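A.B. asks: Just passing along the structure, written as structure tokens.
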Amino acid sequence: MSKYVLEKNIRGELKRINDIIDLKIIRGMPYKRESLRHRFLLYRLVDLHRLPKFHSNWFARSVNVIATFLL
């Protein structure tokens, strides 16, 4: 599954869960299970956009380390 399709599916699921949570809040029902699923999907969405550590601008980080020793 491509990154775009995965993001689209996660966003669709988040929208569906948000609607369910809203209805449960209005009705005064507990929504713990849905909130756990919502949190899991949000973490998945963040992980999808997080860059790998090696590719995350290593040159700028190394220059910052050198600059701290020079100052």
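For the structure tokens, the naming scheme is as follows: chains receive sequential letters (A, B, ...) according to their order of presentation, residues are indexed from 1 within each chain, and ligands are indexed from 1 in presentation order.
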Pick out the residues sitting within 12 Å of Glu34 (chain A), and hand them over as a PyMOL selection string; count only C-alpha atoms, and ignore anything fewer than 5 positions along from it in its own chain.
C.D. replies: chain A and resi 13-25+29+39-41
A.B. asks: If you keep N, CA, C and O atoms, can you produce a file of those selected residues as a tab-separated table (two decimals), in the first residue's frame?
C.D. replies:
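The new file selection-v9.tsv reads:
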chain	number	residue	atom	x	y	z
A	13	GLU	N	-10.64	6.76	8.48
A	13	GLU	CA	-10.97	6.05	9.72
A	13	GLU	C	-11.05	7.02	10.89
A	13	GLU	O	-11.93	6.91	11.76
A	14	LEU	N	-10.15	8.01	10.94
A	14	LEU	CA	-10.20	9.01	12.00
A	14	LEU	C	-11.49	9.82	11.94
A	14	LEU	O	-12.10	10.10	12.97
A	15	LYS	N	-11.92	10.17	10.74
A	15	LYS	CA	-13.17	10.92	10.60
A	15	LYS	C	-14.36	10.09	11.08
A	15	LYS	O	-15.23	10.59	11.79
A	16	ARG	N	-14.36	8.81	10.72
A	16	ARG	CA	-15.46	7.92	11.14
A	16	ARG	C	-15.48	7.78	12.66
A	16	ARG	O	-16.54	7.87	13.29
A	17	ILE	N	-14.32	7.60	13.27
A	17	ILE	CA	-14.25	7.44	14.72
A	17	ILE	C	-14.64	8.75	15.42
A	17	ILE	O	-15.30	8.73	16.46
A	18	ASN	N	-14.24	9.89	14.86
A	18	ASN	CA	-14.63	11.17	15.44
A	18	ASN	C	-16.15	11.33	15.45
A	18	ASN	O	-16.71	11.83	16.43
A	19	ASP	N	-16.80	10.90	14.38
A	19	ASP	CA	-18.26	10.98	14.33
A	19	ASP	C	-18.90	10.09	15.39
A	19	ASP	O	-19.86	10.48	16.06
A	20	ILE	N	-18.35	8.89	15.56
A	20	ILE	CA	-18.88	7.97	16.59
A	20	ILE	C	-18.68	8.56	17.98
A	20	ILE	O	-19.58	8.51	18.83
A	21	ILE	N	-17.49	9.11	18.24
A	21	ILE	CA	-17.20	9.71	19.55
A	21	ILE	C	-18.14	10.87	19.82
A	21	ILE	O	-18.67	11.02	20.93
A	22	ASP	N	-18.37	11.72	18.81
A	22	ASP	CA	-19.28	12.85	18.98
A	22	ASP	C	-20.68	12.39	19.35
A	22	ASP	O	-21.32	12.96	20.26
A	23	LEU	N	-21.17	11.36	18.67
A	23	LEU	CA	-22.51	10.84	18.99
A	23	LEU	C	-22.57	10.27	20.40
A	23	LEU	O	-23.56	10.45	21.12
A	24	LYS	N	-21.52	9.57	20.80
A	24	LYS	CA	-21.50	9.00	22.14
A	24	LYS	C	-21.43	10.08	23.21
A	24	LYS	O	-22.03	9.94	24.28
A	25	ILE	N	-20.71	11.16	22.94
A	25	ILE	CA	-20.66	12.27	23.90
A	25	ILE	C	-22.04	12.90	24.04
A	25	ILE	O	-22.50	13.19	25.15
A	29	MET	N	-22.74	8.44	26.57
A	29	MET	CA	-22.22	7.07	26.65
A	29	MET	C	-20.70	7.09	26.76
A	29	MET	O	-20.05	8.04	26.31
A	39	ARG	N	-6.34	7.41	19.20
A	39	ARG	CA	-4.95	7.71	19.57
A	39	ARG	C	-3.97	6.86	18.77
A	39	ARG	O	-2.95	7.35	18.27
A	40	PHE	N	-4.29	5.58	18.61
A	40	PHE	CA	-3.43	4.68	17.84
A	40	PHE	C	-3.31	5.17	16.40
A	40	PHE	O	-2.21	5.22	15.84
A	41	LEU	N	-4.42	5.56	15.80
A	41	LEU	CA	-4.39	6.03	14.42
A	41	LEU	C	-3.63	7.34	14.27
A	41	LEU	O	-2.92	7.55	13.29
A.B. asks: What is the CA of Glu7 (chain A)-CA of Tyr43 (chain A) distance in Å, reported with one decimal?
C.D. replies: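 One can read the CA of Glu7 (chain A) to CA of Tyr43 (chain A) distance as 11.8 Å.
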A.B. asks: Mind pulling up the distance from CA of His49 (chain A) to CA of Leu6 (chain A)?
C.D. replies: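 Result for CA of Leu6 (chain A) versus CA of His49 (chain A): 11.3 Å, one decimal.
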A.B. asks: Between CA of Tyr4 (chain A) and CA of Phe59 (chain A), what is the distance in Å, rounded to a tenth?
C.D. replies: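 One can read the CA of Tyr4 (chain A) to CA of Phe59 (chain A) distance as 28.2 Å.
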